[in-house]
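Text of protein-v8.cif, listed as mmCIF, C-alpha atoms:
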data_entry
loop_
_atom_site.group_PDB
_atom_site.id
_atom_site.type_symbol
_atom_site.label_atom_id
_atom_site.label_comp_id
_atom_site.auth_asym_id
_atom_site.auth_seq_id
_atom_site.Cartn_x
_atom_site.Cartn_y
_atom_site.Cartn_z
ATOM 1 C CA MET A 1246 -107.858 131.060 13.966
ATOM 2 C CA LEU A 1247 -106.608 133.299 16.724
ATOM 3 C CA GLU A 1248 -102.806 133.468 16.897
ATOM 4 C CA TYR A 1249 -100.558 135.478 19.164
ATOM 5 C CA GLU A 1250 -96.794 135.863 18.799
ATOM 6 C CA ASN A 1251 -95.024 136.557 22.084
ATOM 7 C CA ARG A 1252 -91.965 138.792 22.318
ATOM 8 C CA LEU A 1253 -89.710 135.706 22.033
ATOM 9 C CA GLY A 1254 -91.169 134.875 18.625
ATOM 10 C CA LYS A 1255 -93.247 131.861 19.720
ATOM 11 C CA VAL A 1256 -96.700 131.648 18.143
ATOM 12 C CA TYR A 1257 -99.590 130.617 20.381
ATOM 13 C CA HIS A 1258 -103.022 129.272 19.470
ATOM 14 C CA PHE A 1259 -106.027 129.286 21.801
ATOM 15 C CA ARG A 1260 -108.774 126.771 22.416
ATOM 16 C CA ALA A 1261 -111.694 126.343 24.775
ATOM 17 C CA LYS A 1262 -111.748 123.400 27.155
ATOM 18 C CA LYS A 1263 -114.291 122.237 29.685
ATOM 19 C CA THR A 1264 -113.202 121.798 33.278
ATOM 20 C CA LYS A 1265 -114.281 118.868 35.446
ATOM 21 C CA LEU A 1266 -117.079 121.078 36.765
ATOM 22 C CA GLY A 1267 -118.310 121.782 33.234
ATOM 23 C CA LYS A 1268 -117.108 125.389 33.048
ATOM 24 C CA VAL A 1269 -115.260 126.696 30.000
ATOM 25 C CA THR A 1270 -111.615 127.714 30.289
ATOM 26 C CA TYR A 1271 -109.315 128.993 27.552
ATOM 27 C CA VAL A 1272 -105.827 127.607 27.107
ATOM 28 C CA ALA A 1273 -102.851 128.713 25.036
ATOM 29 C CA SER A 1274 -100.743 126.217 23.132
ATOM 30 C CA THR A 1275 -97.865 126.406 20.679
ATOM 31 C CA LYS A 1276 -99.553 123.622 18.671
ATOM 32 C CA SER A 1277 -102.426 124.317 16.333
ATOM 33 C CA SER A 1278 -105.605 122.257 16.628
ATOM 34 C CA PRO A 1279 -108.938 122.038 14.779
ATOM 35 C CA ASP A 1280 -110.549 123.173 18.062
ATOM 36 C CA ASP A 1281 -108.752 126.554 18.023
ATOM 37 C CA ILE A 1282 -110.997 129.570 18.596
ATOM 38 C CA ASP A 1283 -111.312 132.410 16.070
ATOM 39 C CA GLY A 1284 -111.234 135.381 18.417
ATOM 40 C CA ILE A 1285 -110.732 136.497 21.973
ATOM 41 C CA PRO A 1286 -113.880 135.699 23.956
ATOM 42 C CA ARG A 1287 -115.821 138.660 25.380
ATOM 43 C CA GLY A 1288 -114.461 139.635 28.783
ATOM 44 C CA TYR A 1289 -111.075 137.964 28.188
ATOM 45 C CA GLU A 1290 -107.646 139.191 27.144
ATOM 46 C CA ILE A 1291 -104.328 137.722 26.074
ATOM 47 C CA TYR A 1292 -101.715 138.116 28.787
ATOM 48 C CA GLU A 1293 -97.959 137.550 28.499
ATOM 49 C CA ASN A 1294 -95.924 137.254 31.699
ATOM 50 C CA ALA A 1295 -92.350 138.397 32.273
ATOM 51 C CA ASP A 1296 -90.840 135.147 31.011
ATOM 52 C CA GLY A 1297 -92.933 135.118 27.819
ATOM 53 C CA GLN A 1298 -95.572 132.573 28.837
ATOM 54 C CA VAL A 1299 -98.934 133.358 27.265
ATOM 55 C CA PHE A 1300 -102.404 132.961 28.771
ATOM 56 C CA CYS A 1301 -105.996 133.826 27.946
ATOM 57 C CA ARG A 1302 -107.407 135.311 31.139
ATOM 58 C CA LYS A 1303 -110.404 137.311 32.284
ATOM 59 C CA LYS A 1304 -109.827 141.012 31.593
ATOM 60 C CA LEU A 1305 -107.989 142.700 34.415
ATOM 61 C CA VAL A 1306 -109.552 145.831 35.838
ATOM 62 C CA SER A 1307 -106.702 148.022 37.031
ATOM 63 C CA ASN A 1308 -106.758 151.163 39.167
ATOM 64 C CA ILE A 1309 -103.388 152.186 37.715
ATOM 65 C CA LEU A 1310 -103.931 155.145 35.379
ATOM 66 C CA PRO A 1311 -102.693 154.982 31.756
ATOM 67 C CA GLU A 1312 -100.485 158.062 32.275
ATOM 68 C CA GLU A 1313 -98.825 156.345 35.264
ATOM 69 C CA VAL A 1314 -98.095 153.264 33.163
ATOM 70 C CA LYS A 1315 -96.773 155.576 30.434
ATOM 71 C CA CYS A 1316 -94.352 157.115 32.957
ATOM 72 C CA LEU A 1317 -92.934 153.670 33.822
ATOM 73 C CA LYS A 1318 -92.725 152.703 30.155
ATOM 74 C CA GLU A 1319 -90.746 155.881 29.489
ATOM 75 C CA TRP A 1320 -88.248 154.823 32.184
ATOM 76 C CA LYS A 1321 -88.146 151.361 30.601
ATOM 77 C CA ARG A 1322 -87.318 152.903 27.228
ATOM 78 C CA LYS A 1323 -84.589 155.091 28.766
ATOM 79 C CA LEU A 1324 -82.966 152.106 30.471
ATOM 80 C CA GLU A 1325 -83.131 149.990 27.336
ATOM 81 C CA ASP A 1326 -81.666 152.799 25.197
ATOM 82 C CA LYS A 1327 -79.003 153.895 27.671
ATOM 83 C CA ARG A 1328 -77.579 150.581 28.855
ATOM 84 C CA GLN A 1329 -79.429 147.822 27.016
ATOM 85 C CA ALA A 1330 -81.247 146.827 30.212
ATOM 86 C CA ARG A 1331 -84.068 144.340 29.764
ATOM 87 C CA VAL A 1332 -87.163 145.473 31.664
ATOM 88 C CA PHE A 1333 -90.717 144.121 31.755
ATOM 89 C CA ILE A 1334 -93.608 146.039 33.340
ATOM 90 C CA ASP A 1335 -96.555 144.017 34.669
ATOM 91 C CA VAL A 1336 -99.640 146.070 35.539
ATOM 92 C CA LYS A 1337 -101.956 144.410 38.057
ATOM 93 C CA ALA A 1338 -105.139 145.598 39.809
ATOM 94 C CA ASP A 1339 -103.530 147.907 42.407
ATOM 95 C CA GLU A 1340 -99.817 147.466 41.773
ATOM 96 C CA VAL A 1341 -97.157 147.456 39.102
ATOM 97 C CA VAL A 1342 -94.265 145.004 39.274
ATOM 98 C CA VAL A 1343 -91.097 145.884 37.362
ATOM 99 C CA TYR A 1344 -89.015 142.901 36.290
ATOM 100 C CA SER A 1345 -85.460 143.026 35.033
ATOM 101 C CA CYS A 1346 -83.328 140.473 33.269
ATOM 102 C CA GLU A 1347 -81.335 138.065 35.408
ATOM 103 C CA HIS A 1348 -78.383 138.161 33.012
ATOM 104 C CA PRO A 1349 -78.439 140.910 30.367
ATOM 105 C CA ALA A 1350 -75.609 139.264 28.394
ATOM 106 C CA VAL A 1351 -77.961 136.375 27.656
ATOM 107 C CA ALA A 1352 -80.674 138.719 26.450
ATOM 108 C CA GLU A 1353 -78.260 140.548 24.198
ATOM 109 C CA GLY A 1354 -76.942 137.342 22.661
ATOM 110 C CA ARG A 1355 -73.501 137.935 24.166
ATOM 111 C CA LEU A 1356 -73.536 134.713 26.197
ATOM 112 C CA GLY A 1357 -71.683 132.875 23.442
ATOM 113 C CA ALA A 1358 -68.898 135.445 23.558
ATOM 114 C CA LEU A 1359 -68.643 135.027 27.317
ATOM 115 C CA LEU A 1360 -68.568 131.227 27.048
ATOM 116 C CA GLY A 1361 -66.340 131.126 23.972
ATOM 117 C CA PHE A 1362 -68.746 129.490 21.502
ATOM 118 C CA PRO A 1363 -71.619 130.730 19.311
ATOM 119 C CA MET A 1364 -75.126 130.618 20.761
ATOM 120 C CA THR A 1365 -77.207 129.846 17.659
ATOM 121 C CA ARG A 1366 -79.925 127.364 16.807
ATOM 122 C CA MET A 1367 -80.269 125.493 13.556
ATOM 123 C CA GLY A 1368 -81.321 128.089 11.059
ATOM 124 C CA GLY A 1369 -79.022 130.691 12.592
ATOM 125 C CA GLY A 1370 -81.398 132.236 15.156
ATOM 126 C CA ARG A 1371 -80.116 133.236 18.582
ATOM 127 C CA VAL A 1372 -81.062 131.053 21.524
ATOM 128 C CA GLY A 1373 -80.169 133.677 24.108
ATOM 129 C CA GLU A 1374 -83.666 135.124 24.334
ATOM 130 C CA PHE A 1375 -85.016 131.713 25.350
ATOM 131 C CA LEU A 1376 -82.563 131.487 28.243
ATOM 132 C CA VAL A 1377 -83.505 134.817 29.766
ATOM 133 C CA HIS A 1378 -85.211 134.831 33.152
ATOM 134 C CA TYR A 1379 -86.780 137.952 34.636
ATOM 135 C CA ASN A 1380 -86.961 138.715 38.369
ATOM 136 C CA GLY A 1381 -89.471 141.053 39.980
ATOM 137 C CA ASN A 1382 -87.236 143.746 41.446
ATOM 138 C CA LEU A 1383 -89.494 146.740 42.066
ATOM 139 C CA LYS A 1384 -93.126 146.906 43.097
ATOM 140 C CA PHE A 1385 -95.259 150.054 43.135
ATOM 141 C CA VAL A 1386 -98.434 149.609 45.214
ATOM 142 C CA LEU A 1387 -101.327 152.061 44.968
ATOM 143 C CA ASP A 1388 -102.139 152.919 48.611
ATOM 144 C CA ASP A 1389 -104.414 155.932 48.136
ATOM 145 C CA PRO A 1390 -106.321 155.946 44.805
ATOM 146 C CA GLU A 1391 -107.903 159.337 45.491
ATOM 147 C CA ASN A 1392 -104.593 161.174 46.039
ATOM 148 C CA ARG A 1393 -102.555 158.794 43.799
ATOM 149 C CA VAL A 1394 -100.113 157.882 46.592
ATOM 150 C CA TYR A 1395 -97.967 154.802 46.049
ATOM 151 C CA SER A 1396 -95.555 152.755 48.141
ATOM 152 C CA VAL A 1397 -92.466 151.384 46.441
ATOM 153 C CA TYR A 1398 -90.756 148.148 47.431
ATOM 154 C CA ARG A 1399 -87.607 146.474 46.190
ATOM 155 C CA MET A 1400 -86.868 142.786 46.244
ATOM 156 C CA CYS A 1401 -84.484 141.862 49.041
ATOM 157 C CA TYR A 1402 -82.247 138.868 48.397
ATOM 158 C CA ARG A 1403 -80.782 138.585 51.900
ATOM 159 C CA GLY A 1404 -82.017 136.223 54.586
ATOM 160 C CA GLU A 1405 -85.537 135.070 53.836
ATOM 161 C CA GLY A 1406 -85.848 137.666 51.096
ATOM 162 C CA GLY A 1407 -89.090 139.285 50.033
ATOM 163 C CA TRP A 1408 -90.368 142.779 49.332
ATOM 164 C CA MET A 1409 -88.706 145.551 51.339
ATOM 165 C CA PHE A 1410 -90.504 148.905 51.762
ATOM 166 C CA LEU A 1411 -88.516 151.876 50.455
ATOM 167 C CA ASP A 1412 -90.690 154.991 50.283
ATOM 168 C CA TYR A 1413 -94.066 156.459 49.388
ATOM 169 C CA GLY A 1414 -95.143 159.288 47.079
ATOM 170 C CA THR A 1415 -96.368 159.760 43.520
ATOM 171 C CA LEU A 1416 -95.554 157.051 41.024
ATOM 172 C CA GLU A 1417 -93.517 159.505 38.960
ATOM 173 C CA SER A 1418 -91.321 160.591 41.906
ATOM 174 C CA LEU A 1419 -90.806 157.012 43.095
ATOM 175 C CA ALA A 1420 -89.891 155.837 39.590
ATOM 176 C CA LYS A 1421 -87.361 158.666 39.306
ATOM 177 C CA LYS A 1422 -85.726 157.531 42.596
ATOM 178 C CA THR A 1423 -85.657 153.802 41.898
ATOM 179 C CA MET A 1424 -85.796 152.893 38.196
ATOM 180 C CA PRO A 1425 -82.299 154.208 37.307
ATOM 181 C CA HIS A 1426 -80.821 151.672 39.758
ATOM 182 C CA LEU A 1427 -82.222 148.555 38.056
ATOM 183 C CA GLU A 1428 -79.480 146.056 37.116
ATOM 184 C CA LEU A 1429 -76.817 148.139 38.899
ATOM 185 C CA ASP A 1430 -75.028 147.488 42.184
ATOM 186 C CA SER A 1431 -76.610 150.675 43.561
ATOM 187 C CA PHE A 1432 -79.982 148.856 43.466
ATOM 188 C CA TYR A 1433 -78.918 146.862 46.554
ATOM 189 C CA GLU A 1434 -78.134 150.081 48.401
ATOM 190 C CA LEU A 1435 -81.708 151.403 48.056
ATOM 191 C CA MET A 1436 -83.135 151.542 51.581
#
Could you show the structure in this file as structure tokens?
Amino acid sequence: MLEYENRLGKVYHFRAKKTKLGKVTYVASTKSSPDDIDGIPRGYEIYENADGQVFCRKKLVSNILPEEVKCLKEWKRKLEDKRQARVFIDVKADEVVVYSCEHPAVAEGRLGALLGFPMTRMGGGRVGEFLVHYNGNLKFVLDDPENRVYSVYRMCYRGEGGWMFLDYGTLESLAKKTMPHLELDSFYELM
């Protein structure tokens, strides 16, 4: 049986179901069933979103180059090492959305210390990781695939909110300008 453990430690099983129109769809469940499939179907992949939900979806064809994703993952590693930031990178067809943790103290298991009581489940495991919510804060959009020119946007939380254009350039230069500001007050000064 095909199993997948997400980064929160939940184990998912996958099964095929028929839709009302008779087509086959694949669903993920935390409960095992005799109908579980043995492997990932051809043309499909397991996808985990920023909040740890798991899906079996058709394989995504992305125009984002592996070395560009590697650059963003290097920034992710730096932020996690330097200030325990929680960052999730979601590669899509022509864009990359960078999510960061709504409340890093929750992710680090320090919520109990802030509230004055321990945050543990039966069995002693931390519950903090299950309370974490990620927000999309940066978006890199591939505007010119031939010359590898991107636009970068940051999430604006004022007024109606939404994505606010910041700059354009190579992914590496835009990441260098914006990624260090994630989860800091300076993020809201990016214009």
What residues come out when you apply the PyMOL selection byres ((chain A and resi 1333) around 12) to this file, written as a PyMOL selection string? chain A and resi 1252+1293-1297+1314+1317-1322+1324-1325+1330-1332+1334-1336+1341-1347+1377-1384+1424+1427
Hey, can you pull every residue with an atom no more than 8 Å from (-105.0, 124.7, 17.4), using only C-alpha atoms, and send it as a PDB file with C-alpha atoms, in the frame of the given file?
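Saved the output as part01.pdb:
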ATOM      1  CA  MET A1246    -107.858 131.060  13.966  1.00  0.00           C
ATOM      2  CA  HIS A1258    -103.022 129.272  19.470  1.00  0.00           C
ATOM      3  CA  PHE A1259    -106.027 129.286  21.801  1.00  0.00           C
ATOM      4  CA  ARG A1260    -108.774 126.771  22.416  1.00  0.00           C
ATOM      5  CA  SER A1274    -100.743 126.217  23.132  1.00  0.00           C
ATOM      6  CA  LYS A1276     -99.553 123.622  18.671  1.00  0.00           C
ATOM      7  CA  SER A1277    -102.426 124.317  16.333  1.00  0.00           C
ATOM      8  CA  SER A1278    -105.605 122.257  16.628  1.00  0.00           C
ATOM      9  CA  PRO A1279    -108.938 122.038  14.779  1.00  0.00           C
ATOM     10  CA  ASP A1280    -110.549 123.173  18.062  1.00  0.00           C
ATOM     11  CA  ASP A1281    -108.752 126.554  18.023  1.00  0.00           C
ATOM     12  CA  ILE A1282    -110.997 129.570  18.596  1.00  0.00           C
TER      13      ILE A1282
END
On this file, the PyMOL selection byres ((chain A and resi 1435) around 9) gives some set of residues; write that set as a list in words. Arg1399, Leu1411, Thr1423, His1426, Ser1431, Phe1432, Tyr1433, Glu1434 and Met1436 of chain A
The selected residues should be written to file as a PDB file, in the frame of the given file (atoms: C-alpha atoms).
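selection.pdb, written as the output of this step:
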ATOM      1  CA  ARG A1399     -87.607 146.474  46.190  1.00  0.00           C
ATOM      2  CA  LEU A1411     -88.516 151.876  50.455  1.00  0.00           C
ATOM      3  CA  THR A1423     -85.657 153.802  41.898  1.00  0.00           C
ATOM      4  CA  HIS A1426     -80.821 151.672  39.758  1.00  0.00           C
ATOM      5  CA  SER A1431     -76.610 150.675  43.561  1.00  0.00           C
ATOM      6  CA  PHE A1432     -79.982 148.856  43.466  1.00  0.00           C
ATOM      7  CA  TYR A1433     -78.918 146.862  46.554  1.00  0.00           C
ATOM      8  CA  GLU A1434     -78.134 150.081  48.401  1.00  0.00           C
ATOM      9  CA  MET A1436     -83.135 151.542  51.581  1.00  0.00           C
TER      10      MET A1436
END
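Closest approach to Ala1261 of chain A among A:Met1400, A:Cys1301, A:Leu1310, A:Ile1291 is made by A:Cys1301 (distances from only C-alpha atoms).
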On this structure, which residues satisfy the PyMOL selection byres ((chain A and resi 1270) around 9), written as a count of residues only? 11
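The nearest approach to Phe1385 of chain A among the residues A:Tyr1289, A:Glu1417, A:Pro1425, A:Glu1340, with all atoms listed in the file taken into account, belongs to A:Glu1340.
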Go through A:Leu1247, A:Leu1387, A:Met1409, A:Ala1338 one by one, measure the shortest atom-to-atom distance of each to Gly1284 of chain A using all atoms listed in the file, and give the residue with the smallest value. A:Leu1247
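Residue nearest Asp1283 of chain A, chosen from A:Glu1428, A:Glu1248, A:Lys1337, A:Glu1405 and counting all atoms listed in the file: A:Glu1248.
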Rounded to one decimal, what separation in Å do you get between atom CA of Gly1407 of chain A and atom CA of Leu1419 of chain A? 19.1 Å
Gap from atom CA of Asp1339 of chain A to atom CA of Cys1316 of chain A - Å, one decimal: 16.1 Å
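Here atom CA of Ala1273 of chain A and atom CA of Tyr1249 of chain A stand 9.2 Å from one another.
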For Tyr1292 of chain A, which residue among A:Leu1305, A:Leu1253, A:Val1394, A:Ala1420 is the nearest when counting all atoms listed in the file? A:Leu1305
